[in-house]
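Novice: Input file: target-v6.cif. Contents: mmCIF, N, CA and C atoms.
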data_model
loop_
_atom_site.label_atom_id
_atom_site.label_comp_id
_atom_site.auth_asym_id
_atom_site.auth_seq_id
_atom_site.Cartn_x
_atom_site.Cartn_y
_atom_site.Cartn_z
N MET Y 4 -96.96 -182.95 91.25
CA MET Y 4 -98.16 -183.73 91.03
C MET Y 4 -97.76 -185.17 90.74
N VAL Y 5 -98.44 -186.09 91.36
CA VAL Y 5 -98.15 -187.52 91.20
C VAL Y 5 -98.93 -188.06 90.02
N GLU Y 6 -98.27 -188.88 89.21
CA GLU Y 6 -98.93 -189.47 88.06
C GLU Y 6 -99.83 -190.62 88.51
N SER Y 7 -100.97 -190.74 87.88
CA SER Y 7 -101.94 -191.75 88.26
C SER Y 7 -101.44 -193.14 87.91
N LEU Y 8 -101.78 -194.09 88.75
CA LEU Y 8 -101.41 -195.49 88.55
C LEU Y 8 -102.29 -196.15 87.49
N ASN Y 9 -103.57 -195.81 87.48
CA ASN Y 9 -104.55 -196.45 86.61
C ASN Y 9 -104.68 -195.74 85.27
N LYS Y 10 -104.94 -196.53 84.24
CA LYS Y 10 -105.29 -195.97 82.93
C LYS Y 10 -106.76 -195.60 82.89
N THR Y 11 -107.61 -196.48 83.46
CA THR Y 11 -109.05 -196.21 83.55
C THR Y 11 -109.50 -196.44 84.97
N VAL Y 12 -110.43 -195.62 85.43
CA VAL Y 12 -111.01 -195.76 86.77
C VAL Y 12 -112.36 -196.45 86.63
N GLU Y 13 -112.51 -197.58 87.30
CA GLU Y 13 -113.76 -198.35 87.23
C GLU Y 13 -114.79 -197.86 88.25
N TYR Y 14 -114.30 -197.41 89.42
CA TYR Y 14 -115.23 -196.96 90.46
C TYR Y 14 -114.48 -195.99 91.37
N ALA Y 15 -115.13 -194.91 91.73
CA ALA Y 15 -114.57 -193.93 92.66
C ALA Y 15 -115.56 -193.73 93.80
N ILE Y 16 -115.05 -193.61 95.02
CA ILE Y 16 -115.91 -193.49 96.20
C ILE Y 16 -115.24 -192.57 97.21
N LYS Y 17 -116.06 -191.83 97.96
CA LYS Y 17 -115.55 -191.00 99.05
C LYS Y 17 -115.24 -191.89 100.24
N VAL Y 18 -114.05 -191.72 100.82
CA VAL Y 18 -113.62 -192.54 101.95
C VAL Y 18 -112.96 -191.65 103.00
N ASN Y 19 -112.83 -192.20 104.19
CA ASN Y 19 -112.02 -191.63 105.24
C ASN Y 19 -110.87 -192.58 105.50
N SER Y 20 -109.66 -192.10 105.35
CA SER Y 20 -108.48 -192.91 105.61
C SER Y 20 -108.19 -192.86 107.10
N MET Y 21 -108.10 -194.04 107.71
CA MET Y 21 -107.85 -194.13 109.15
C MET Y 21 -106.42 -194.59 109.40
N ILE Y 22 -105.48 -194.04 108.64
CA ILE Y 22 -104.08 -194.43 108.82
C ILE Y 22 -103.60 -193.99 110.19
N THR Y 23 -103.99 -192.80 110.61
CA THR Y 23 -103.78 -192.38 112.00
C THR Y 23 -105.16 -192.28 112.64
N PRO Y 24 -105.48 -193.14 113.61
CA PRO Y 24 -106.84 -193.17 114.16
C PRO Y 24 -107.29 -191.87 114.79
N ASN Y 25 -106.36 -191.05 115.27
CA ASN Y 25 -106.74 -189.78 115.89
C ASN Y 25 -107.03 -188.70 114.87
N ASP Y 26 -106.61 -188.90 113.63
CA ASP Y 26 -106.77 -187.88 112.61
C ASP Y 26 -107.22 -188.51 111.29
N PRO Y 27 -108.53 -188.85 111.16
CA PRO Y 27 -108.99 -189.43 109.89
C PRO Y 27 -108.94 -188.38 108.78
N LYS Y 28 -108.53 -188.80 107.59
CA LYS Y 28 -108.42 -187.89 106.46
C LYS Y 28 -109.46 -188.25 105.41
N PRO Y 29 -110.38 -187.33 105.12
CA PRO Y 29 -111.34 -187.59 104.04
C PRO Y 29 -110.65 -187.47 102.69
N GLY Y 30 -111.12 -188.29 101.76
CA GLY Y 30 -110.54 -188.26 100.43
C GLY Y 30 -111.36 -189.09 99.46
N VAL Y 31 -110.77 -189.39 98.33
CA VAL Y 31 -111.43 -190.16 97.28
C VAL Y 31 -110.57 -191.38 96.97
N MET Y 32 -111.22 -192.55 96.91
CA MET Y 32 -110.55 -193.78 96.52
C MET Y 32 -111.00 -194.13 95.12
N ALA Y 33 -110.04 -194.38 94.25
CA ALA Y 33 -110.33 -194.77 92.87
C ALA Y 33 -109.84 -196.19 92.66
N LEU Y 34 -110.74 -197.05 92.19
CA LEU Y 34 -110.40 -198.43 91.88
C LEU Y 34 -110.33 -198.55 90.36
N GLY Y 35 -109.18 -198.96 89.87
CA GLY Y 35 -109.00 -198.99 88.43
C GLY Y 35 -108.44 -200.30 87.92
N ASP Y 36 -107.95 -200.26 86.70
CA ASP Y 36 -107.47 -201.47 86.05
C ASP Y 36 -106.13 -201.95 86.61
N VAL Y 37 -105.32 -201.07 87.19
CA VAL Y 37 -104.00 -201.45 87.68
C VAL Y 37 -103.98 -201.60 89.21
N GLY Y 38 -104.80 -200.82 89.93
CA GLY Y 38 -104.77 -200.91 91.37
C GLY Y 38 -105.70 -199.92 92.05
N ILE Y 39 -105.39 -199.64 93.32
CA ILE Y 39 -106.19 -198.77 94.18
C ILE Y 39 -105.40 -197.48 94.40
N GLU Y 40 -106.11 -196.36 94.29
CA GLU Y 40 -105.49 -195.06 94.56
C GLU Y 40 -106.35 -194.30 95.57
N TYR Y 41 -105.68 -193.63 96.50
CA TYR Y 41 -106.36 -192.78 97.47
C TYR Y 41 -105.73 -191.40 97.39
N ARG Y 42 -106.58 -190.38 97.32
CA ARG Y 42 -106.12 -188.99 97.34
C ARG Y 42 -106.88 -188.24 98.43
N ALA Y 43 -106.15 -187.58 99.32
CA ALA Y 43 -106.77 -186.78 100.38
C ALA Y 43 -107.38 -185.52 99.77
N ASN Y 44 -108.50 -185.07 100.35
CA ASN Y 44 -109.15 -183.85 99.86
C ASN Y 44 -108.31 -182.61 100.10
N ASN Y 45 -107.73 -182.52 101.29
CA ASN Y 45 -106.91 -181.35 101.60
C ASN Y 45 -105.63 -181.82 102.30
N GLY Y 46 -104.59 -181.11 102.08
CA GLY Y 46 -103.33 -181.49 102.70
C GLY Y 46 -102.62 -182.59 101.92
N VAL Y 47 -101.63 -183.15 102.56
CA VAL Y 47 -100.83 -184.18 101.93
C VAL Y 47 -101.46 -185.55 102.19
N GLY Y 48 -101.54 -186.34 101.17
CA GLY Y 48 -102.07 -187.68 101.33
C GLY Y 48 -102.32 -188.32 99.98
N PHE Y 49 -101.51 -189.30 99.63
CA PHE Y 49 -101.68 -189.99 98.37
C PHE Y 49 -101.14 -191.40 98.55
N ILE Y 50 -101.95 -192.40 98.21
CA ILE Y 50 -101.55 -193.80 98.33
C ILE Y 50 -101.86 -194.49 97.02
N GLN Y 51 -100.91 -195.26 96.52
CA GLN Y 51 -101.10 -196.08 95.33
C GLN Y 51 -100.77 -197.53 95.67
N ILE Y 52 -101.71 -198.44 95.39
CA ILE Y 52 -101.52 -199.85 95.70
C ILE Y 52 -101.84 -200.68 94.44
N PRO Y 53 -100.85 -201.31 93.83
CA PRO Y 53 -101.16 -202.21 92.71
C PRO Y 53 -101.91 -203.44 93.20
N TRP Y 54 -102.74 -204.03 92.34
CA TRP Y 54 -103.52 -205.20 92.74
C TRP Y 54 -102.62 -206.35 93.17
N ALA Y 55 -101.42 -206.45 92.58
CA ALA Y 55 -100.51 -207.55 92.92
C ALA Y 55 -100.01 -207.45 94.36
N ASN Y 56 -100.01 -206.26 94.96
CA ASN Y 56 -99.51 -206.08 96.33
C ASN Y 56 -100.58 -206.29 97.39
N VAL Y 57 -101.83 -206.46 96.99
CA VAL Y 57 -102.91 -206.66 97.96
C VAL Y 57 -102.96 -208.13 98.34
N LYS Y 58 -102.76 -208.41 99.63
CA LYS Y 58 -102.79 -209.79 100.11
C LYS Y 58 -104.20 -210.20 100.51
N LEU Y 59 -104.95 -209.28 101.16
CA LEU Y 59 -106.27 -209.61 101.68
C LEU Y 59 -107.06 -208.32 101.89
N VAL Y 60 -108.37 -208.40 101.69
CA VAL Y 60 -109.28 -207.29 101.99
C VAL Y 60 -110.27 -207.81 103.02
N ARG Y 61 -110.29 -207.18 104.20
CA ARG Y 61 -111.19 -207.60 105.28
C ARG Y 61 -112.29 -206.57 105.44
N ALA Y 62 -113.53 -206.98 105.21
CA ALA Y 62 -114.69 -206.08 105.31
C ALA Y 62 -115.17 -206.02 106.76
N GLN Y 63 -115.49 -204.83 107.24
CA GLN Y 63 -116.01 -204.62 108.60
C GLN Y 63 -117.53 -204.65 108.54
N VAL Y 64 -118.11 -205.78 108.90
CA VAL Y 64 -119.56 -205.96 108.84
C VAL Y 64 -120.15 -205.60 110.20
N VAL Y 65 -121.19 -204.76 110.19
CA VAL Y 65 -121.85 -204.31 111.41
C VAL Y 65 -123.29 -204.81 111.40
N TRP Y 66 -123.69 -205.50 112.45
CA TRP Y 66 -125.05 -206.01 112.62
C TRP Y 66 -125.52 -206.91 111.47
N LYS Y 67 -124.57 -207.60 110.84
CA LYS Y 67 -124.83 -208.56 109.76
C LYS Y 67 -125.53 -207.95 108.55
N LYS Y 68 -125.59 -206.63 108.45
CA LYS Y 68 -126.31 -205.99 107.36
C LYS Y 68 -125.47 -204.94 106.64
N ARG Y 69 -124.73 -204.18 107.38
CA ARG Y 69 -124.08 -203.00 106.83
C ARG Y 69 -122.57 -203.18 106.87
N ILE Y 70 -121.90 -202.72 105.84
CA ILE Y 70 -120.44 -202.78 105.80
C ILE Y 70 -119.91 -201.38 106.07
N ARG Y 71 -119.19 -201.25 107.18
CA ARG Y 71 -118.69 -199.94 107.63
C ARG Y 71 -117.49 -199.50 106.82
N GLY Y 72 -116.64 -200.42 106.44
CA GLY Y 72 -115.43 -200.09 105.71
C GLY Y 72 -114.62 -201.36 105.49
N PHE Y 73 -113.34 -201.20 105.21
CA PHE Y 73 -112.52 -202.37 104.99
C PHE Y 73 -111.07 -202.08 105.32
N PHE Y 74 -110.36 -203.16 105.66
CA PHE Y 74 -108.92 -203.14 105.85
C PHE Y 74 -108.30 -203.72 104.59
N ILE Y 75 -107.25 -203.12 104.11
CA ILE Y 75 -106.50 -203.66 102.98
C ILE Y 75 -105.15 -204.11 103.53
N ASP Y 76 -104.92 -205.42 103.53
CA ASP Y 76 -103.66 -205.98 104.01
C ASP Y 76 -102.73 -206.13 102.82
N LEU Y 77 -101.51 -205.60 102.97
CA LEU Y 77 -100.54 -205.60 101.88
C LEU Y 77 -99.52 -206.71 102.08
N ASP Y 78 -98.77 -207.00 101.03
CA ASP Y 78 -97.80 -208.09 101.09
C ASP Y 78 -96.59 -207.76 101.96
N ASP Y 79 -96.40 -206.51 102.36
CA ASP Y 79 -95.30 -206.15 103.26
C ASP Y 79 -95.79 -206.03 104.71
N ASN Y 80 -96.88 -206.73 105.05
CA ASN Y 80 -97.46 -206.83 106.39
C ASN Y 80 -97.97 -205.51 106.94
N ARG Y 81 -98.33 -204.55 106.08
CA ARG Y 81 -99.00 -203.34 106.51
C ARG Y 81 -100.49 -203.52 106.30
N SER Y 82 -101.28 -202.80 107.07
CA SER Y 82 -102.74 -202.85 106.95
C SER Y 82 -103.26 -201.42 106.91
N LEU Y 83 -104.06 -201.11 105.90
CA LEU Y 83 -104.64 -199.78 105.75
C LEU Y 83 -106.14 -199.88 106.00
N ASN Y 84 -106.67 -198.95 106.79
CA ASN Y 84 -108.08 -198.97 107.16
C ASN Y 84 -108.79 -197.80 106.48
N PHE Y 85 -109.91 -198.11 105.80
CA PHE Y 85 -110.72 -197.10 105.14
C PHE Y 85 -112.17 -197.26 105.59
N VAL Y 86 -112.81 -196.15 105.91
CA VAL Y 86 -114.22 -196.13 106.29
C VAL Y 86 -114.99 -195.48 105.16
N VAL Y 87 -116.07 -196.13 104.70
CA VAL Y 87 -116.84 -195.65 103.56
C VAL Y 87 -118.32 -195.64 103.90
N SER Y 88 -119.09 -194.91 103.11
CA SER Y 88 -120.53 -194.88 103.35
C SER Y 88 -121.23 -196.08 102.71
N ASP Y 89 -120.81 -196.46 101.51
CA ASP Y 89 -121.41 -197.60 100.82
C ASP Y 89 -120.29 -198.43 100.20
N ALA Y 90 -119.88 -199.48 100.88
CA ALA Y 90 -118.70 -200.26 100.47
C ALA Y 90 -119.02 -201.38 99.50
N ILE Y 91 -120.27 -201.75 99.34
CA ILE Y 91 -120.61 -202.92 98.54
C ILE Y 91 -120.17 -202.79 97.08
N PRO Y 92 -120.43 -201.66 96.38
CA PRO Y 92 -119.94 -201.56 94.99
C PRO Y 92 -118.41 -201.61 94.90
N ALA Y 93 -117.73 -201.02 95.86
CA ALA Y 93 -116.27 -201.04 95.85
C ALA Y 93 -115.75 -202.46 96.05
N LEU Y 94 -116.38 -203.22 96.93
CA LEU Y 94 -115.95 -204.60 97.16
C LEU Y 94 -116.23 -205.48 95.95
N LYS Y 95 -117.28 -205.17 95.20
CA LYS Y 95 -117.56 -205.93 93.97
C LYS Y 95 -116.47 -205.71 92.93
N VAL Y 96 -115.99 -204.47 92.81
CA VAL Y 96 -114.90 -204.19 91.87
C VAL Y 96 -113.62 -204.88 92.35
N MET Y 97 -113.36 -204.85 93.65
CA MET Y 97 -112.17 -205.52 94.19
C MET Y 97 -112.24 -207.02 93.93
N ARG Y 98 -113.43 -207.61 94.05
CA ARG Y 98 -113.59 -209.05 93.82
C ARG Y 98 -113.27 -209.41 92.37
N GLU Y 99 -113.58 -208.53 91.42
CA GLU Y 99 -113.27 -208.80 90.02
C GLU Y 99 -111.76 -208.90 89.79
N HIS Y 100 -110.98 -208.08 90.50
CA HIS Y 100 -109.54 -208.06 90.30
C HIS Y 100 -108.80 -209.04 91.20
N LEU Y 101 -109.28 -209.25 92.41
CA LEU Y 101 -108.55 -210.08 93.38
C LEU Y 101 -109.08 -211.51 93.47
N GLY Y 102 -110.34 -211.71 93.16
CA GLY Y 102 -110.96 -213.01 93.36
C GLY Y 102 -111.66 -213.04 94.72
N SER Y 103 -112.63 -213.91 94.85
CA SER Y 103 -113.42 -213.94 96.09
C SER Y 103 -112.66 -214.54 97.27
N ASP Y 104 -111.58 -215.28 97.02
CA ASP Y 104 -110.83 -215.86 98.13
C ASP Y 104 -110.03 -214.82 98.91
N LYS Y 105 -109.77 -213.65 98.34
CA LYS Y 105 -109.02 -212.60 99.05
C LYS Y 105 -109.94 -211.59 99.73
N LEU Y 106 -111.26 -211.76 99.64
CA LEU Y 106 -112.20 -210.90 100.34
C LEU Y 106 -112.81 -211.70 101.48
N VAL Y 107 -112.60 -211.24 102.71
CA VAL Y 107 -113.10 -211.95 103.89
C VAL Y 107 -113.78 -210.97 104.82
N ARG Y 108 -114.49 -211.50 105.79
CA ARG Y 108 -115.12 -210.70 106.83
C ARG Y 108 -114.13 -210.50 107.97
N ALA Y 109 -113.96 -209.27 108.41
CA ALA Y 109 -113.04 -208.97 109.51
C ALA Y 109 -113.61 -209.47 110.83
N LYS Y 110 -112.72 -209.90 111.70
CA LYS Y 110 -113.15 -210.33 113.03
C LYS Y 110 -113.58 -209.12 113.83
N THR Y 111 -114.67 -209.28 114.58
CA THR Y 111 -115.14 -208.19 115.44
C THR Y 111 -114.55 -208.34 116.83
N MET Y 112 -114.67 -207.31 117.62
CA MET Y 112 -114.15 -207.36 118.98
C MET Y 112 -114.92 -208.38 119.81
N MET Y 113 -116.24 -208.40 119.66
CA MET Y 113 -117.05 -209.35 120.43
C MET Y 113 -116.76 -210.79 120.00
N GLY Y 114 -116.52 -211.01 118.71
CA GLY Y 114 -116.18 -212.34 118.24
C GLY Y 114 -114.86 -212.83 118.82
N SER Y 115 -113.90 -211.94 118.92
CA SER Y 115 -112.60 -212.30 119.48
C SER Y 115 -112.71 -212.59 120.97
N ILE Y 116 -113.51 -211.78 121.69
CA ILE Y 116 -113.68 -211.99 123.13
C ILE Y 116 -114.42 -213.30 123.39
N SER Y 117 -115.48 -213.56 122.62
CA SER Y 117 -116.24 -214.79 122.86
C SER Y 117 -115.41 -216.03 122.51
N LYS Y 118 -114.56 -215.95 121.49
CA LYS Y 118 -113.69 -217.07 121.16
C LYS Y 118 -112.70 -217.31 122.30
N TRP Y 119 -112.14 -216.24 122.87
CA TRP Y 119 -111.22 -216.37 124.00
C TRP Y 119 -111.94 -216.98 125.20
N TRP Y 120 -113.17 -216.54 125.46
CA TRP Y 120 -113.94 -217.03 126.61
C TRP Y 120 -114.25 -218.53 126.45
N ARG Y 121 -114.67 -218.93 125.27
CA ARG Y 121 -114.98 -220.36 125.05
C ARG Y 121 -113.73 -221.22 125.17
N LYS Y 122 -112.58 -220.69 124.80
CA LYS Y 122 -111.34 -221.43 124.92
C LYS Y 122 -110.94 -221.59 126.39
N ARG Y 123 -111.16 -220.54 127.18
CA ARG Y 123 -110.80 -220.58 128.60
C ARG Y 123 -111.79 -221.38 129.43
N HIS Y 124 -113.06 -221.37 129.03
CA HIS Y 124 -114.12 -222.03 129.81
C HIS Y 124 -114.91 -222.99 128.90
N PRO Y 125 -114.34 -224.15 128.61
CA PRO Y 125 -115.08 -225.08 127.74
C PRO Y 125 -116.29 -225.65 128.44
N LYS Y 126 -117.28 -226.04 127.63
CA LYS Y 126 -118.49 -226.66 128.20
C LYS Y 126 -118.16 -228.03 128.75
N LYS Y 127 -118.80 -228.33 129.89
CA LYS Y 127 -118.56 -229.62 130.51
C LYS Y 127 -119.56 -230.63 129.99
N ALA Y 128 -119.07 -231.78 129.59
CA ALA Y 128 -119.95 -232.79 129.00
C ALA Y 128 -120.67 -233.62 130.01
#
Would you mind writing the file out in structure tokens?
Specialist:
Amino acid sequence: MVESLNKTVEYAIKVNSMITPNDPKPGVMALGDVGIEYRANNGVGFIQIPWANVKLVRAQVVWKKRIRGFFIDLDDNRSLNFVVSDAIPALKVMREHLGSDKLVRAKTMMGSISKWWRKRHPKKA
């Protein structure tokens, strides 16, 4: 059994870990005073991330209204993807520990394509 990273848990939420896109693992994410913990419901799966190791949190915004999940970018250039049902309370807890400058909106596929298109085909004056 792995010892918990946090002394107190501020918020816990059900998430799907998308570490392997073909095999999402449901589990529970606990946000606490020391960092982020993820435990898989069944099978092997445990992740502990101290707040100091989080470089950036990118929220996946859908239709400008709903947040599908978030990417957690770590200081060792890894990125972890989590899909949640209601991400807003979790992001509020993350903002308290990380600050609002480390919480950003993730780029969408359409945004990336349109940026590429505008770069290739600039408007003629």
Novice: Which residues fall under the PyMOL selection byres ((chain Y and resi 71) around 6.5) in this file, as a tab-separated table (two decimals) with N, CA and C atoms, in the frame of the given file?
Specialist:
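Result file follows (result.tsv):
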chain	number	residue	atom	x	y	z
Y	62	ALA	N	-113.53	-206.98	105.21
Y	62	ALA	CA	-114.69	-206.08	105.31
Y	62	ALA	C	-115.17	-206.02	106.76
Y	63	GLN	N	-115.49	-204.83	107.24
Y	63	GLN	CA	-116.01	-204.62	108.60
Y	63	GLN	C	-117.53	-204.65	108.54
Y	64	VAL	N	-118.11	-205.78	108.90
Y	64	VAL	CA	-119.56	-205.96	108.84
Y	64	VAL	C	-120.15	-205.60	110.20
Y	65	VAL	N	-121.19	-204.76	110.19
Y	65	VAL	CA	-121.85	-204.31	111.41
Y	65	VAL	C	-123.29	-204.81	111.40
Y	69	ARG	N	-124.73	-204.18	107.38
Y	69	ARG	CA	-124.08	-203.00	106.83
Y	69	ARG	C	-122.57	-203.18	106.87
Y	70	ILE	N	-121.90	-202.72	105.84
Y	70	ILE	CA	-120.44	-202.78	105.80
Y	70	ILE	C	-119.91	-201.38	106.07
Y	72	GLY	N	-116.64	-200.42	106.44
Y	72	GLY	CA	-115.43	-200.09	105.71
Y	72	GLY	C	-114.62	-201.36	105.49
Y	73	PHE	N	-113.34	-201.20	105.21
Y	73	PHE	CA	-112.52	-202.37	104.99
Y	73	PHE	C	-111.07	-202.08	105.32
Y	85	PHE	N	-109.91	-198.11	105.80
Y	85	PHE	CA	-110.72	-197.10	105.14
Y	85	PHE	C	-112.17	-197.26	105.59
Y	86	VAL	N	-112.81	-196.15	105.91
Y	86	VAL	CA	-114.22	-196.13	106.29
Y	86	VAL	C	-114.99	-195.48	105.16
Y	87	VAL	N	-116.07	-196.13	104.70
Y	87	VAL	CA	-116.84	-195.65	103.56
Y	87	VAL	C	-118.32	-195.64	103.90
Y	88	SER	N	-119.09	-194.91	103.11
Y	88	SER	CA	-120.53	-194.88	103.35
Y	88	SER	C	-121.23	-196.08	102.71
Y	90	ALA	N	-119.88	-199.48	100.88
Y	90	ALA	CA	-118.70	-200.26	100.47
Y	90	ALA	C	-119.02	-201.38	99.50
Novice: Give the padded box for stretch 115-123 of chain Y as lines of an AutoDock Vina configuration file: axis-aligned, covering all atoms listed in the file, 8 Å on each side, centre and edge lengths in Å to one decimal.
Specialist:
center_x = -113.5
center_y = -216.7
center_z = 124.2
size_x = 21.4
size_y = 25.8
size_z = 26.5
Novice: Suppose you want the space between atom C of Y:Asp104 and atom C of Y:Arg61; what is it in Å?
Specialist: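 It comes out at 10.8 Å.
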Novice: Quick one: residues within 8 Å of stretch 9-15 of chain Y, only N, CA and C atoms, excluding same-chain residues fewer than 5 positions away - as JSON, numbers by chain?
Specialist: {"Y": [31, 32, 33, 34, 35, 36, 37, 38, 39, 40, 92, 93, 96]}
Novice: Output the residue selection produced by the PyMOL selection byres ((chain Y and resi 30) around 6) on the file above, formatted as a list in words.
Specialist: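 Answer for the PyMOL selection byres ((chain Y and resi 30) around 6): Ile16, Lys17, Val18, Asn19, Ser20, Lys28, Pro29, Val31, Met32, Arg42, Ala43 and Asn44 of chain Y.
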Novice: Can you list every residue in chain Y that DSSP puts in alpha helix (DSSP H), as a ChimeraX atom specification?
Specialist: /Y:91-101,112-123
Novice: Can you work out which one of Y:Leu59, Y:Val47, Y:Leu8, Y:Leu83 has the shortest atom-to-atom distance to Y:Pro24, counting only C-alpha atoms?
Specialist: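 So, comparing all the options, the nearest one is Y:Leu83.
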Novice: Quick one: which residues end up in the PyMOL selection byres ((chain Y and resi 51) around 6) for this structure, as a PyMOL selection string?
Specialist: chain Y and resi 39-41+49-50+52-53
Novice: So what do you get for atom CA of Y:Val57 versus atom CA of Y:Ile75, distance-wise?
Specialist: 6.9 Å
Novice: Quick one: DSSP strand (DSSP E) residues in stretch 11-90 of chain Y, as a ChimeraX atom specification?
Specialist: /Y:12-20,28-35,38-43,49-53,57-65,69-77,82-87
Novice: What's the separation between atom N of Y:Ser7 and atom C of Y:Ile91, in Å to one decimal place?
Specialist: 24.5 Å
Novice: Distance cut-off 9 Å, centre (-116.8, -209.5, 99.3) in file coordinates, counting only C-alpha atoms: which residues qualify? Return them as a PyMOL selection string.
Specialist: chain Y and resi 60-62+91+94-95+97-98+103-108
Novice: Using only N, CA and C atoms, can you tell me which of Y:Trp66, Y:Ser117, Y:Ala55, Y:His100 comes closest to Y:Asp78?
Specialist: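 Of Y:Trp66, Y:Ser117, Y:Ala55, Y:His100, the one nearest Y:Asp78, counting only N, CA and C atoms, is Y:Ala55.
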Novice: Could stretch 63-69 of chain Y be completed with all heavy atoms and returned as a CSV table (one decimal), in the frame of the given file?
Specialist:
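That gives us result14.csv:
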chain,number,residue,atom,x,y,z
Y,63,GLN,N,-115.5,-204.8,107.2
Y,63,GLN,CA,-116.0,-204.6,108.6
Y,63,GLN,C,-117.5,-204.6,108.5
Y,63,GLN,O,-118.2,-203.7,108.2
Y,63,GLN,CB,-115.5,-203.3,109.2
Y,63,GLN,CG,-114.0,-203.1,109.2
Y,63,GLN,CD,-113.6,-201.7,109.5
Y,63,GLN,OE1,-114.4,-200.8,109.3
Y,63,GLN,NE2,-112.4,-201.6,110.0
Y,64,VAL,N,-118.1,-205.8,108.9
Y,64,VAL,CA,-119.6,-206.0,108.8
Y,64,VAL,C,-120.2,-205.6,110.2
Y,64,VAL,O,-119.7,-206.1,111.2
Y,64,VAL,CB,-119.9,-207.4,108.5
Y,64,VAL,CG1,-121.4,-207.6,108.4
Y,64,VAL,CG2,-119.3,-207.8,107.1
Y,65,VAL,N,-121.2,-204.8,110.2
Y,65,VAL,CA,-121.8,-204.3,111.4
Y,65,VAL,C,-123.3,-204.8,111.4
Y,65,VAL,O,-124.0,-204.6,110.4
Y,65,VAL,CB,-121.8,-202.8,111.5
Y,65,VAL,CG1,-122.5,-202.3,112.8
Y,65,VAL,CG2,-120.4,-202.3,111.4
Y,66,TRP,N,-123.7,-205.5,112.4
Y,66,TRP,CA,-125.0,-206.0,112.6
Y,66,TRP,C,-125.5,-206.9,111.5
Y,66,TRP,O,-126.7,-207.0,111.1
Y,66,TRP,CB,-126.1,-204.9,112.8
Y,66,TRP,CG,-125.8,-204.0,114.0
Y,66,TRP,CD1,-125.4,-202.7,113.9
Y,66,TRP,CD2,-125.8,-204.4,115.4
Y,66,TRP,NE1,-125.2,-202.2,115.2
Y,66,TRP,CE2,-125.4,-203.2,116.1
Y,66,TRP,CE3,-126.0,-205.6,116.1
Y,66,TRP,CZ2,-125.3,-203.2,117.5
Y,66,TRP,CZ3,-125.9,-205.6,117.4
Y,66,TRP,CH2,-125.6,-204.4,118.1
Y,67,LYS,N,-124.6,-207.6,110.8
Y,67,LYS,CA,-124.8,-208.6,109.8
Y,67,LYS,C,-125.5,-208.0,108.6
Y,67,LYS,O,-126.0,-208.7,107.7
Y,67,LYS,CB,-125.6,-209.7,110.3
Y,67,LYS,CG,-124.9,-210.6,111.3
Y,67,LYS,CD,-125.8,-211.7,111.7
Y,67,LYS,CE,-125.1,-212.5,112.9
Y,67,LYS,NZ,-125.9,-213.6,113.3
Y,68,LYS,N,-125.6,-206.6,108.4
Y,68,LYS,CA,-126.3,-206.0,107.4
Y,68,LYS,C,-125.5,-204.9,106.6
Y,68,LYS,O,-125.6,-204.8,105.4
Y,68,LYS,CB,-127.6,-205.3,107.9
Y,68,LYS,CG,-128.6,-206.3,108.4
Y,68,LYS,CD,-129.8,-205.5,108.9
Y,68,LYS,CE,-130.8,-206.5,109.5
Y,68,LYS,NZ,-132.0,-205.8,110.0
Y,69,ARG,N,-124.7,-204.2,107.4
Y,69,ARG,CA,-124.1,-203.0,106.8
Y,69,ARG,C,-122.6,-203.2,106.9
Y,69,ARG,O,-122.0,-203.8,107.8
Y,69,ARG,CB,-124.5,-201.8,107.7
Y,69,ARG,CG,-124.0,-200.5,107.2
Y,69,ARG,CD,-124.7,-199.4,108.0
Y,69,ARG,NE,-124.1,-198.1,108.1
Y,69,ARG,CZ,-122.8,-197.8,108.4
Y,69,ARG,NH1,-122.0,-198.7,108.6
Y,69,ARG,NH2,-122.4,-196.6,108.4
